[in-house]
>>> print(open('query-v7.cif').read())   # mmCIF, C-alpha atoms and all ligand atoms
data_coords
loop_
_atom_site.label_atom_id
_atom_site.label_comp_id
_atom_site.auth_asym_id
_atom_site.auth_seq_id
_atom_site.Cartn_x
_atom_site.Cartn_y
_atom_site.Cartn_z
CA MET A 1 -1.28 13.16 -19.07
CA THR A 2 -4.13 13.39 -16.53
CA VAL A 3 -4.27 11.02 -13.57
CA ALA A 4 -7.49 10.56 -11.60
CA ILE A 5 -7.51 9.03 -8.13
CA ILE A 6 -10.83 7.45 -7.20
CA GLY A 7 -11.04 6.84 -3.44
CA ALA A 8 -8.99 9.38 -1.53
CA GLY A 9 -8.73 7.70 1.86
CA VAL A 10 -5.44 6.80 3.53
CA MET A 11 -3.80 5.26 0.47
CA GLY A 12 -5.43 7.50 -2.13
CA GLU A 13 -4.23 10.62 -0.32
CA THR A 14 -0.79 9.05 0.07
CA LEU A 15 -0.62 8.59 -3.70
CA LEU A 16 -1.96 12.09 -4.35
CA SER A 17 0.57 13.78 -2.08
CA GLY A 18 3.41 11.64 -3.49
CA LEU A 19 2.57 12.58 -7.08
CA LEU A 20 2.62 16.27 -6.10
CA ARG A 21 5.93 15.91 -4.24
CA ALA A 22 7.36 14.19 -7.31
CA GLY A 23 6.51 17.24 -9.39
CA ARG A 24 3.24 16.31 -11.11
CA ARG A 25 1.20 19.45 -11.78
CA VAL A 26 -1.93 19.69 -9.69
CA ASP A 27 -3.79 20.64 -12.91
CA ASP A 28 -2.93 17.19 -14.25
CA LEU A 29 -4.58 15.46 -11.29
CA LEU A 30 -8.24 14.80 -10.45
CA VAL A 31 -9.81 13.16 -7.43
CA GLY A 32 -13.07 11.23 -7.45
CA GLU A 33 -14.57 11.53 -3.97
CA LYS A 34 -18.23 11.29 -3.06
CA ARG A 35 -18.14 12.81 0.46
CA ARG A 36 -18.45 16.62 0.32
CA GLU A 37 -16.48 17.42 3.49
CA ARG A 38 -13.63 15.21 2.35
CA ALA A 39 -13.66 16.83 -1.10
CA ILE A 40 -13.39 20.29 0.49
CA GLU A 41 -10.58 19.10 2.76
CA LEU A 42 -8.56 17.74 -0.18
CA THR A 43 -9.08 20.84 -2.29
CA GLU A 44 -7.99 23.07 0.59
CA ARG A 45 -4.96 20.92 1.40
CA TYR A 46 -3.67 20.26 -2.13
CA GLY A 47 -5.53 22.59 -4.48
CA VAL A 48 -6.70 19.54 -6.41
CA THR A 49 -9.94 19.45 -8.38
CA VAL A 50 -12.47 17.00 -6.97
CA VAL A 51 -14.99 15.62 -9.46
CA SER A 52 -17.50 12.79 -9.72
CA ASN A 53 -16.12 9.32 -10.46
CA VAL A 54 -17.77 9.50 -13.87
CA GLU A 55 -16.09 12.79 -14.76
CA ALA A 56 -12.77 11.42 -13.49
CA ALA A 57 -13.14 8.39 -15.77
CA ASP A 58 -14.13 10.57 -18.72
CA LYS A 59 -11.24 13.00 -18.43
CA ALA A 60 -8.24 11.01 -17.18
CA ASP A 61 -5.69 9.10 -19.20
CA THR A 62 -4.92 7.00 -16.13
CA VAL A 63 -7.46 6.13 -13.45
CA ALA A 64 -6.11 4.92 -10.10
CA LEU A 65 -8.68 2.96 -8.08
CA VAL A 66 -7.97 3.25 -4.37
CA VAL A 67 -11.31 2.25 -2.87
CA LYS A 68 -11.76 -0.72 -0.55
CA PRO A 69 -11.94 -4.09 -2.32
CA GLN A 70 -15.55 -4.40 -1.16
CA ASP A 71 -16.44 -1.17 -3.04
CA MET A 72 -14.65 -2.11 -6.23
CA HIS A 73 -17.59 -3.79 -7.97
CA ASP A 74 -19.84 -0.73 -7.53
CA VAL A 75 -17.16 1.73 -8.65
CA LEU A 76 -16.31 -0.35 -11.73
CA THR A 77 -19.98 -0.59 -12.65
CA GLU A 78 -20.30 3.19 -12.30
CA ILE A 79 -17.25 4.15 -14.38
CA ALA A 80 -17.21 1.34 -16.98
CA PRO A 81 -19.48 3.16 -19.50
CA HIS A 82 -17.07 6.12 -19.38
CA LEU A 83 -13.86 4.25 -20.03
CA ARG A 84 -12.41 3.48 -23.46
CA PRO A 85 -9.52 1.48 -24.92
CA GLY A 86 -6.24 3.35 -24.60
CA GLN A 87 -6.94 4.42 -21.03
CA LEU A 88 -5.08 2.79 -18.15
CA VAL A 89 -6.76 1.63 -14.94
CA VAL A 90 -4.40 1.06 -12.02
CA SER A 91 -5.91 -0.77 -9.05
CA LEU A 92 -4.30 -0.51 -5.63
CA ALA A 93 -6.89 -2.72 -3.92
CA ALA A 94 -5.87 -5.80 -1.99
CA GLY A 95 -7.03 -9.06 -3.46
CA ILE A 96 -8.83 -7.72 -6.52
CA THR A 97 -7.48 -9.42 -9.63
CA THR A 98 -6.90 -7.84 -13.01
CA SER A 99 -9.40 -10.33 -14.49
CA PHE A 100 -12.07 -9.21 -11.97
CA ILE A 101 -11.54 -5.64 -13.18
CA GLU A 102 -11.18 -6.45 -16.88
CA SER A 103 -14.42 -8.43 -16.88
CA ARG A 104 -16.28 -5.30 -15.73
CA LEU A 105 -14.66 -2.84 -18.16
CA PRO A 106 -14.87 -2.31 -21.91
CA GLU A 107 -12.65 -4.64 -23.92
CA GLY A 108 -9.16 -3.21 -24.44
CA VAL A 109 -8.89 -0.97 -21.35
CA ALA A 110 -5.45 -1.67 -19.88
CA VAL A 111 -5.33 -2.75 -16.23
CA VAL A 112 -2.35 -2.85 -13.86
CA ARG A 113 -2.61 -4.23 -10.33
CA VAL A 114 -0.47 -2.56 -7.70
CA MET A 115 0.21 -3.36 -4.07
CA PRO A 116 1.63 -0.26 -2.35
CA ASN A 117 2.31 0.43 1.33
CA THR A 118 1.98 3.43 3.65
CA PRO A 119 5.69 4.34 3.97
CA ALA A 120 4.96 5.87 0.56
CA LEU A 121 3.87 8.87 2.61
CA VAL A 122 7.56 9.56 3.33
CA ASP A 123 8.76 8.43 -0.12
CA GLU A 124 9.96 5.07 1.26
CA GLY A 125 7.11 3.03 -0.17
CA MET A 126 7.38 -0.46 -1.62
CA ALA A 127 5.03 -1.17 -4.49
CA ALA A 128 4.71 -4.33 -6.55
CA ILE A 129 3.00 -4.11 -9.93
CA SER A 130 1.52 -6.76 -12.23
CA ARG A 131 0.18 -6.46 -15.77
CA GLY A 132 -3.32 -7.35 -16.84
CA SER A 133 -4.07 -8.98 -20.18
CA HIS A 134 -4.40 -5.82 -22.33
CA CYS A 135 -1.24 -4.12 -21.07
CA ASP A 136 1.76 -3.20 -23.10
CA GLU A 137 5.14 -1.99 -21.89
CA SER A 138 4.06 1.66 -21.95
CA HIS A 139 1.18 0.93 -19.53
CA LEU A 140 3.53 -0.84 -17.14
CA GLN A 141 5.96 2.06 -17.37
CA GLU A 142 3.21 4.55 -16.60
CA ALA A 143 2.14 2.54 -13.51
CA GLU A 144 5.80 2.26 -12.53
CA SER A 145 6.27 5.99 -12.85
CA LEU A 146 3.15 6.66 -10.72
CA MET A 147 4.41 4.45 -7.93
CA ALA A 148 8.08 5.46 -8.24
CA SER A 149 7.03 8.91 -7.08
CA THR A 150 6.65 7.46 -3.57
CA GLY A 151 9.34 4.79 -3.33
CA ARG A 152 10.56 1.58 -4.86
CA VAL A 153 8.70 -0.46 -7.47
CA LEU A 154 9.05 -4.13 -8.34
CA ARG A 155 7.36 -6.01 -11.18
CA VAL A 156 5.90 -9.35 -10.06
CA PRO A 157 3.71 -11.98 -11.73
CA GLU A 158 0.12 -11.46 -10.58
CA ARG A 159 0.01 -14.91 -8.93
CA GLN A 160 2.45 -13.51 -6.31
CA GLN A 161 0.30 -10.50 -5.40
CA ASP A 162 -1.55 -12.11 -2.46
CA ALA A 163 1.81 -13.01 -0.89
CA VAL A 164 3.18 -9.53 -1.66
CA THR A 165 0.11 -8.02 0.02
CA ALA A 166 0.77 -10.13 3.11
CA ILE A 167 4.44 -9.13 3.25
CA SER A 168 4.90 -5.51 2.14
CA GLY A 169 1.29 -4.27 1.92
CA SER A 170 0.40 -5.20 5.51
CA GLY A 171 4.05 -5.39 6.62
CA PRO A 172 4.32 -1.89 8.11
CA ALA A 173 1.57 -2.86 10.59
CA TYR A 174 3.60 -5.85 11.85
CA LEU A 175 6.63 -3.63 12.39
CA PHE A 176 4.55 -0.99 14.19
CA PHE A 177 3.20 -3.82 16.37
CA VAL A 178 6.77 -4.82 17.25
CA VAL A 179 7.61 -1.18 17.99
CA GLU A 180 4.54 -0.83 20.26
CA SER A 181 5.46 -4.05 22.05
CA MET A 182 9.05 -2.97 22.66
CA ILE A 183 7.98 0.44 23.98
CA GLU A 184 5.51 -1.21 26.36
CA ALA A 185 8.23 -3.60 27.52
CA GLY A 186 10.54 -0.65 28.20
CA VAL A 187 7.81 0.97 30.30
CA HIS A 188 7.36 -2.31 32.19
CA LEU A 189 11.09 -2.23 32.94
CA GLY A 190 10.64 1.23 34.49
CA LEU A 191 11.79 3.50 31.64
CA PRO A 192 9.86 6.73 31.11
CA ARG A 193 7.60 6.32 28.04
CA GLY A 194 9.42 9.09 26.14
CA THR A 195 12.79 7.45 26.76
CA ALA A 196 11.48 4.01 25.73
CA SER A 197 9.94 5.48 22.55
CA GLU A 198 13.12 7.26 21.52
CA LEU A 199 15.28 4.20 22.21
CA VAL A 200 13.00 1.93 20.17
CA LEU A 201 12.47 4.33 17.28
CA GLN A 202 16.16 5.01 16.71
CA THR A 203 16.94 1.30 17.13
CA VAL A 204 14.41 0.45 14.39
CA VAL A 205 15.62 3.19 12.03
CA GLY A 206 19.28 2.34 12.67
CA SER A 207 18.69 -1.38 12.17
CA ALA A 208 16.82 -0.78 8.90
CA LYS A 209 19.67 1.42 7.67
CA LEU A 210 22.23 -1.22 8.69
CA LEU A 211 20.32 -3.86 6.72
CA ARG A 212 20.08 -1.64 3.65
CA GLU A 213 23.59 -0.20 3.70
CA THR A 214 25.59 -3.34 4.55
CA GLY A 215 23.44 -5.67 2.43
CA GLU A 216 24.20 -8.34 5.06
CA HIS A 217 21.74 -11.13 5.77
CA PRO A 218 19.63 -10.39 8.87
CA THR A 219 20.91 -13.58 10.51
CA VAL A 220 24.49 -12.29 10.25
CA LEU A 221 23.50 -8.94 11.72
CA ARG A 222 21.59 -10.64 14.53
CA GLU A 223 24.56 -12.88 15.31
CA ARG A 224 26.77 -9.79 15.62
CA VAL A 225 24.48 -8.43 18.33
CA THR A 226 24.40 -11.76 20.13
CA SER A 227 27.41 -11.98 22.45
CA PRO A 228 28.07 -15.51 23.74
CA GLY A 229 26.21 -16.08 26.99
CA GLY A 230 24.92 -12.50 26.90
CA THR A 231 21.70 -10.54 27.05
CA THR A 232 20.57 -10.94 23.42
CA ALA A 233 20.94 -14.71 23.52
CA ALA A 234 18.71 -14.74 26.61
CA ALA A 235 16.10 -12.61 24.82
CA VAL A 236 16.14 -14.51 21.53
CA ARG A 237 15.71 -17.79 23.39
CA GLU A 238 12.46 -16.39 24.84
CA LEU A 239 11.29 -15.31 21.37
CA GLU A 240 11.95 -18.85 20.11
CA ASP A 241 10.25 -20.42 23.16
CA HIS A 242 7.19 -18.21 22.49
CA LYS A 243 7.20 -19.31 18.85
CA VAL A 244 7.40 -15.76 17.50
CA ARG A 245 8.81 -17.04 14.20
CA ALA A 246 5.87 -19.42 13.81
CA ALA A 247 3.47 -16.62 14.77
CA PHE A 248 4.86 -14.46 11.94
CA LEU A 249 4.37 -17.32 9.49
CA SER A 250 0.75 -17.86 10.65
CA ALA A 251 0.03 -14.13 10.55
CA ILE A 252 1.40 -13.72 7.06
CA GLU A 253 -0.47 -16.81 5.83
CA ALA A 254 -3.68 -15.33 7.31
CA ALA A 255 -3.09 -12.06 5.43
CA ARG A 256 -2.42 -13.98 2.19
CA ASP A 257 -5.63 -15.99 2.69
CA ARG A 258 -7.64 -12.85 3.41
CA SER A 259 -6.32 -11.27 0.23
CA ARG A 260 -7.47 -14.37 -1.70
CA ALA A 261 -10.89 -14.25 0.01
CA LEU A 262 -11.32 -10.57 -0.94
CA ALA A 263 -10.69 -11.61 -4.53
CA GLU A 264 -13.59 -14.03 -4.26
CA GLY A 265 -15.83 -11.23 -3.00
CA LEU A 266 -16.04 -12.67 0.51
CA ASP A 267 -16.39 -10.37 3.52
N1 LIG A 301 -3.95 1.40 3.93
C1 LIG A 301 -2.97 0.66 3.45
O1 LIG A 301 -1.90 0.50 4.08
C2 LIG A 301 -3.09 0.01 2.11
C3 LIG A 301 -4.28 0.02 1.40
N2 LIG A 301 -4.35 -0.61 0.20
C4 LIG A 301 -5.59 -0.62 -0.55
O2 LIG A 301 -6.02 0.69 -0.76
C5 LIG A 301 -7.45 0.71 -0.82
C6 LIG A 301 -7.95 1.80 0.11
O3 LIG A 301 -7.55 1.48 1.42
P1 LIG A 301 -7.46 2.61 2.53
O4 LIG A 301 -6.97 3.86 1.92
O5 LIG A 301 -6.75 2.00 3.66
O6 LIG A 301 -9.01 2.74 2.90
P2 LIG A 301 -9.83 4.04 3.23
O7 LIG A 301 -11.13 3.56 3.79
O8 LIG A 301 -9.01 5.01 4.02
O9 LIG A 301 -10.08 4.70 1.79
C7 LIG A 301 -11.06 4.30 0.91
C8 LIG A 301 -11.64 5.55 0.31
O10 LIG A 301 -12.50 5.22 -0.75
C9 LIG A 301 -13.61 6.10 -0.67
N3 LIG A 301 -14.73 5.55 -1.41
C10 LIG A 301 -15.55 4.52 -1.09
N4 LIG A 301 -16.48 4.32 -2.04
C11 LIG A 301 -16.21 5.26 -3.00
C12 LIG A 301 -16.81 5.58 -4.23
N5 LIG A 301 -17.88 4.90 -4.69
N6 LIG A 301 -16.29 6.58 -4.96
C13 LIG A 301 -15.21 7.28 -4.54
N7 LIG A 301 -14.61 7.02 -3.35
C14 LIG A 301 -15.10 6.04 -2.61
C15 LIG A 301 -13.86 6.22 0.80
O11 LIG A 301 -14.67 7.35 1.04
P3 LIG A 301 -15.62 7.37 2.35
O12 LIG A 301 -14.73 7.43 3.53
O13 LIG A 301 -16.43 8.61 2.13
O14 LIG A 301 -16.43 6.10 2.29
C16 LIG A 301 -12.45 6.39 1.32
O15 LIG A 301 -12.03 7.72 1.24
C17 LIG A 301 -7.95 -0.66 -0.42
O16 LIG A 301 -8.36 -1.34 -1.56
C18 LIG A 301 -6.72 -1.32 0.19
O17 LIG A 301 -6.70 -2.72 -0.05
C19 LIG A 301 -3.27 -1.23 -0.37
C20 LIG A 301 -2.08 -1.25 0.29
C21 LIG A 301 -1.88 -0.65 1.58
O1 LIG A 302 -5.32 -4.22 5.46
C1 LIG A 302 -5.58 -4.16 4.25
O2 LIG A 302 -6.48 -4.86 3.74
C2 LIG A 302 -4.78 -3.24 3.36
C3 LIG A 302 -4.09 -3.99 2.26
C4 LIG A 302 -2.66 -4.05 2.64
C5 LIG A 302 -2.56 -3.13 3.77
N1 LIG A 302 -3.70 -2.65 4.11
#
>>> encode(input="query-v7.cif", output="C-alpha cells")
Amino acid sequence: MTVAIIGAGVMGETLLSGLLRAGRRVDDLLVGEKRRERAIELTERYGVTVVSNVEAADKADTVALVVKPQDMHDVLTEIAPHLRPGQLVVSLAAGITTSFIESRLPEGVAVVRVMPNTPALVDEGMAAISRGSHCDESHLQEAESLMASTGRVLRVPERQQDAVTAISGSGPAYLFFVVESMIEAGVHLGLPRGTASELVLQTVVGSAKLLRETGEHPTVLRERVTSPGGTTAAAVRELEDHKVRAAFLSAIEAARDRSRALAEGLD
C-alpha cells in the first residue's frame, strides 16, 4: 500500500514523520514536492523518494493532499487525469469540502476530509475525519490508520469540520498564545525568563495530564484551585472582567468563518 504526500510543508512533514515512526516502510511512501531544495532536504532527512505530483498520483494507492487550501484547485487539476476509481484521496486542508474535491476528480475516486493538528509531531495529534460520497468503510479505515499513527482520530459528519478546524486544528495556537502571555506576565512580575518558562510549561503539561487522567470537568478542577478569598479568585475575576471567555468565543467563531470562506475560494 503506497501513500503519497503532496505538499510537504509543516503538516505534510508532520504526517510523513509520523507514518515513519509508526512503522510504515519508507519504500511505501512518496512525496510530491515542487521545490528542489525542499525535496533534497526531505530525502536527506527521511530517505523518502520525492517525485512529481503526477507521478505520486499515478503510483500511490492513497494520496494525501497537504497543500494550502488556496493551492488545492491547481493541484487537483494537475493530478486529476492521473487518478482512477479505487484510489483514496485524503485532504488535510482547512475549509476544502469533499464535494469541492470530488467535482474536480474522476467519478468514483474516494475522498476523505481530515482536520489534523501539529501535536501530531509528538504523537499527541487530534484528527477528525469525514467521508466523501464515494467512500466505503475500508477507505475510512485507511484514513483512520494514517492519522492514528500520530495521535487520536474521531469520525465526524462533514458539516462539523469548520467548527473542528476552529477548535482542534487551530487550537494549539490559542494554547501557545496563553503560554506566551503567562511567561510574559511572569517576567513582568520580576521572574527570570527561564524560571517563568519552566513554571508555565510544567503547569500546562501537568494541568493537561490532570484533565486527561481524572476525567473531571475543567470547572471542577478550576474550583479546586480556587481557595475562598484567595489568589486564584482574584485572577479569575480579572479574566472575567476582561471578557476572556467572550474573546475565546469570538476567536473561535472567526476561525470557523475563515474555514467556511476558504471553502468558497475566498482569500
Ligand atoms: N499547520 C497546521 O497546524 C495545520 C495545517 N492544516 C492544513 O495543512 C495544509 C498545509 O498547511 P501547512 O503545512 O501549515 O502549510 P505550509 O505552507 O507549511 O505547507 C504547504 C506545502 O505545500 C507545498 N505546495 C504548494 N503548492 C504545491 C504544489 N503545487 N505541489 C506540491 N506541493 C505544493 C508548499 O511548497 P512551497 O513552500 O514550495 O510553496 C509547502 O511545502 C493546509 O491546507 C492547512 O489548512 C491543517 C491542520 C493544521
Ligand atoms: O491556520 C490554518 O489555516 C491551519 C488550519 C488549522 C490550523 N492551521
>>> residues_near_ligand(input="query-v7.cif", ligand="ligand LIG 302 (chain A)", cutoff="12 Å", atoms="all atoms listed in the file", output="PDB file with C-alpha atoms, in the frame of the given file")
ATOM      1  CA  GLY A   9      -8.730   7.700   1.860  1.00  0.00           C
ATOM      2  CA  VAL A  10      -5.440   6.800   3.530  1.00  0.00           C
ATOM      3  CA  MET A  11      -3.800   5.260   0.470  1.00  0.00           C
ATOM      4  CA  VAL A  66      -7.970   3.250  -4.370  1.00  0.00           C
ATOM      5  CA  VAL A  67     -11.310   2.250  -2.870  1.00  0.00           C
ATOM      6  CA  LYS A  68     -11.760  -0.720  -0.550  1.00  0.00           C
ATOM      7  CA  PRO A  69     -11.940  -4.090  -2.320  1.00  0.00           C
ATOM      8  CA  GLN A  70     -15.550  -4.400  -1.160  1.00  0.00           C
ATOM      9  CA  SER A  91      -5.910  -0.770  -9.050  1.00  0.00           C
ATOM     10  CA  LEU A  92      -4.300  -0.510  -5.630  1.00  0.00           C
ATOM     11  CA  ALA A  93      -6.890  -2.720  -3.920  1.00  0.00           C
ATOM     12  CA  ALA A  94      -5.870  -5.800  -1.990  1.00  0.00           C
ATOM     13  CA  GLY A  95      -7.030  -9.060  -3.460  1.00  0.00           C
ATOM     14  CA  ILE A  96      -8.830  -7.720  -6.520  1.00  0.00           C
ATOM     15  CA  VAL A 114      -0.470  -2.560  -7.700  1.00  0.00           C
ATOM     16  CA  MET A 115       0.210  -3.360  -4.070  1.00  0.00           C
ATOM     17  CA  PRO A 116       1.630  -0.260  -2.350  1.00  0.00           C
ATOM     18  CA  ASN A 117       2.310   0.430   1.330  1.00  0.00           C
ATOM     19  CA  THR A 118       1.980   3.430   3.650  1.00  0.00           C
ATOM     20  CA  PRO A 119       5.690   4.340   3.970  1.00  0.00           C
ATOM     21  CA  MET A 126       7.380  -0.460  -1.620  1.00  0.00           C
ATOM     22  CA  ALA A 127       5.030  -1.170  -4.490  1.00  0.00           C
ATOM     23  CA  ALA A 128       4.710  -4.330  -6.550  1.00  0.00           C
ATOM     24  CA  GLN A 161       0.300 -10.500  -5.400  1.00  0.00           C
ATOM     25  CA  ASP A 162      -1.550 -12.110  -2.460  1.00  0.00           C
ATOM     26  CA  ALA A 163       1.810 -13.010  -0.890  1.00  0.00           C
ATOM     27  CA  VAL A 164       3.180  -9.530  -1.660  1.00  0.00           C
ATOM     28  CA  THR A 165       0.110  -8.020   0.020  1.00  0.00           C
ATOM     29  CA  ALA A 166       0.770 -10.130   3.110  1.00  0.00           C
ATOM     30  CA  ILE A 167       4.440  -9.130   3.250  1.00  0.00           C
ATOM     31  CA  SER A 168       4.900  -5.510   2.140  1.00  0.00           C
ATOM     32  CA  GLY A 169       1.290  -4.270   1.920  1.00  0.00           C
ATOM     33  CA  SER A 170       0.400  -5.200   5.510  1.00  0.00           C
ATOM     34  CA  GLY A 171       4.050  -5.390   6.620  1.00  0.00           C
ATOM     35  CA  PRO A 172       4.320  -1.890   8.110  1.00  0.00           C
ATOM     36  CA  ALA A 173       1.570  -2.860  10.590  1.00  0.00           C
ATOM     37  CA  TYR A 174       3.600  -5.850  11.850  1.00  0.00           C
ATOM     38  CA  ILE A 252       1.400 -13.720   7.060  1.00  0.00           C
ATOM     39  CA  ALA A 254      -3.680 -15.330   7.310  1.00  0.00           C
ATOM     40  CA  ALA A 255      -3.090 -12.060   5.430  1.00  0.00           C
ATOM     41  CA  ARG A 256      -2.420 -13.980   2.190  1.00  0.00           C
ATOM     42  CA  ASP A 257      -5.630 -15.990   2.690  1.00  0.00           C
ATOM     43  CA  ARG A 258      -7.640 -12.850   3.410  1.00  0.00           C
ATOM     44  CA  SER A 259      -6.320 -11.270   0.230  1.00  0.00           C
ATOM     45  CA  ARG A 260      -7.470 -14.370  -1.700  1.00  0.00           C
ATOM     46  CA  ALA A 261     -10.890 -14.250   0.010  1.00  0.00           C
ATOM     47  CA  LEU A 262     -11.320 -10.570  -0.940  1.00  0.00           C
ATOM     48  CA  ALA A 263     -10.690 -11.610  -4.530  1.00  0.00           C
ATOM     49  CA  ASP A 267     -16.390 -10.370   3.520  1.00  0.00           C
TER      50      ASP A 267
END
>>> residues_around(input="query-v7.cif", residues="A:Leu42", least_positions_apart="6", cutoff="9 Å", atoms="all atoms listed in the file", output="NGL selection string")
:A and (8 or 13 or 31 or 48-50)
>>> residues_near_point(input="query-v7.cif", point="(-9.6, -3.0, -18.2)", cutoff="9 Å", atoms="all atoms listed in the file", output="PyMOL selection string")
chain A and resi 80+83-85+87-89+98-99+101-112+132-135
>>> atom_distance(input="query-v7.cif", atom1="atom CA of A:Arg224", atom2="atom CA of A:Asp241")
21.0 Å
>>> atom_distance(input="query-v7.cif", atom1="atom CA of A:Arg152", atom2="atom C19 of ligand LIG 301 (chain A)")
14.8 Å
>>> atom_distance(input="query-v7.cif", atom1="atom CA of A:Gly47", atom2="atom CA of A:Leu140")
28.1 Å
>>> closest_residue(input="query-v7.cif", among="A:Val153, A:Met182, A:Ala251, A:Leu30", to="A:Asp123", atoms="all atoms listed in the file")
A:Val153
>>> closest_residue(input="query-v7.cif", among="A:Gly12, A:Gly186, A:Pro157, A:Gly215", to="ligand LIG 301 (chain A)", atoms="only C-alpha atoms and all ligand atoms")
A:Gly12
>>> closest_residue(input="query-v7.cif", among="A:Gly86, A:Pro81, A:Gly7, A:Gly23", to="A:Ser149", atoms="all atoms listed in the file")
A:Gly23
>>> closest_residue(input="query-v7.cif", among="A:Glu264, A:Ile79, A:Pro228, A:Val204", to="A:Val178", atoms="only C-alpha atoms")
A:Val204
>>> closest_residue(input="query-v7.cif", among="A:Ala185, A:Leu121, A:Val244, A:Val179", to="ligand LIG 301 (chain A)", atoms="only C-alpha atoms and all ligand atoms")
A:Leu121
>>> axis_aligned_box(input="query-v7.cif", around="ligand LIG 301 (chain A)", padding_each_side="8 Å", output="lines of an AutoDock Vina configuration file")
center_x = -9.9
center_y = 2.9
center_z = -0.4
size_x = 32.0
size_y = 27.3
size_z = 25.0
>>> closest_residue(input="query-v7.cif", among="A:Asp27, A:Glu198, A:Glu253, A:Glu37", to="ligand LIG 301 (chain A)", atoms="only C-alpha atoms and all ligand atoms")
A:Glu37
>>> residues_near_point(input="query-v7.cif", point="(0.6, 14.9, -11.6)", cutoff="9 Å", atoms="only C-alpha atoms", output="MDAnalysis selection string")
chainID A and resid 1:3 16 19:20 22:30 146
>>> write_last_selection(input="query-v7.cif", atoms="C-alpha atoms", output="short mmCIF file (atom, residue, chain, number, x, y, z; two decimals), keeping the file's coordinate frame")
data_model
loop_
_atom_site.label_atom_id
_atom_site.label_comp_id
_atom_site.auth_asym_id
_atom_site.auth_seq_id
_atom_site.Cartn_x
_atom_site.Cartn_y
_atom_site.Cartn_z
CA MET A 1 -1.28 13.16 -19.07
CA THR A 2 -4.13 13.39 -16.53
CA VAL A 3 -4.27 11.02 -13.57
CA LEU A 16 -1.96 12.09 -4.35
CA LEU A 19 2.57 12.58 -7.08
CA LEU A 20 2.62 16.27 -6.10
CA ALA A 22 7.36 14.19 -7.31
CA GLY A 23 6.51 17.24 -9.39
CA ARG A 24 3.24 16.31 -11.11
CA ARG A 25 1.20 19.45 -11.78
CA VAL A 26 -1.93 19.69 -9.69
CA ASP A 27 -3.79 20.64 -12.91
CA ASP A 28 -2.93 17.19 -14.25
CA LEU A 29 -4.58 15.46 -11.29
CA LEU A 30 -8.24 14.80 -10.45
CA LEU A 146 3.15 6.66 -10.72
#
>>> decode(input="query-v7.cif", residues="stretch 59-96 of chain A", atoms="C-alpha atoms", output="CSV table (one decimal), in the first residue's frame")
chain,number,residue,atom,x,y,z
A,59,LYS,CA,1.8,5.3,-8.3
A,60,ALA,CA,0.0,5.7,-4.9
A,61,ASP,CA,-2.9,3.8,-3.6
A,62,THR,CA,-3.6,6.7,-1.2
A,63,VAL,CA,-2.8,10.4,-2.0
A,64,ALA,CA,-2.7,12.8,1.0
A,65,LEU,CA,-3.2,16.4,-0.1
A,66,VAL,CA,-1.4,18.7,2.4
A,67,VAL,CA,-1.1,21.9,0.3
A,68,LYS,CA,-2.7,25.2,1.3
A,69,PRO,CA,-6.4,25.5,0.6
A,70,GLN,CA,-5.6,28.2,-1.9
A,71,ASP,CA,-3.4,25.8,-3.9
A,72,MET,CA,-5.9,23.0,-3.9
A,73,HIS,CA,-7.6,23.8,-7.2
A,74,ASP,CA,-4.4,23.8,-9.1
A,75,VAL,CA,-3.1,20.6,-7.6
A,76,LEU,CA,-6.4,18.8,-8.2
A,77,THR,CA,-6.4,20.0,-11.8
A,78,GLU,CA,-2.8,18.7,-12.2
A,79,ILE,CA,-3.4,15.2,-10.7
A,80,ALA,CA,-7.0,14.5,-11.8
A,81,PRO,CA,-6.1,12.9,-15.1
A,82,HIS,CA,-3.8,10.5,-13.2
A,83,LEU,CA,-6.3,9.3,-10.6
A,84,ARG,CA,-8.6,6.4,-11.0
A,85,PRO,CA,-11.5,4.8,-9.1
A,86,GLY,CA,-10.3,2.6,-6.3
A,87,GLN,CA,-7.7,5.2,-5.2
A,88,LEU,CA,-8.2,7.2,-2.0
A,89,VAL,CA,-7.6,10.9,-1.7
A,90,VAL,CA,-7.2,12.3,1.8
A,91,SER,CA,-7.4,16.0,2.1
A,92,LEU,CA,-5.9,17.7,5.2
A,93,ALA,CA,-6.7,21.3,4.0
A,94,ALA,CA,-8.8,23.6,6.1
A,95,GLY,CA,-12.2,24.5,4.6
A,96,ILE,CA,-12.0,22.5,1.4
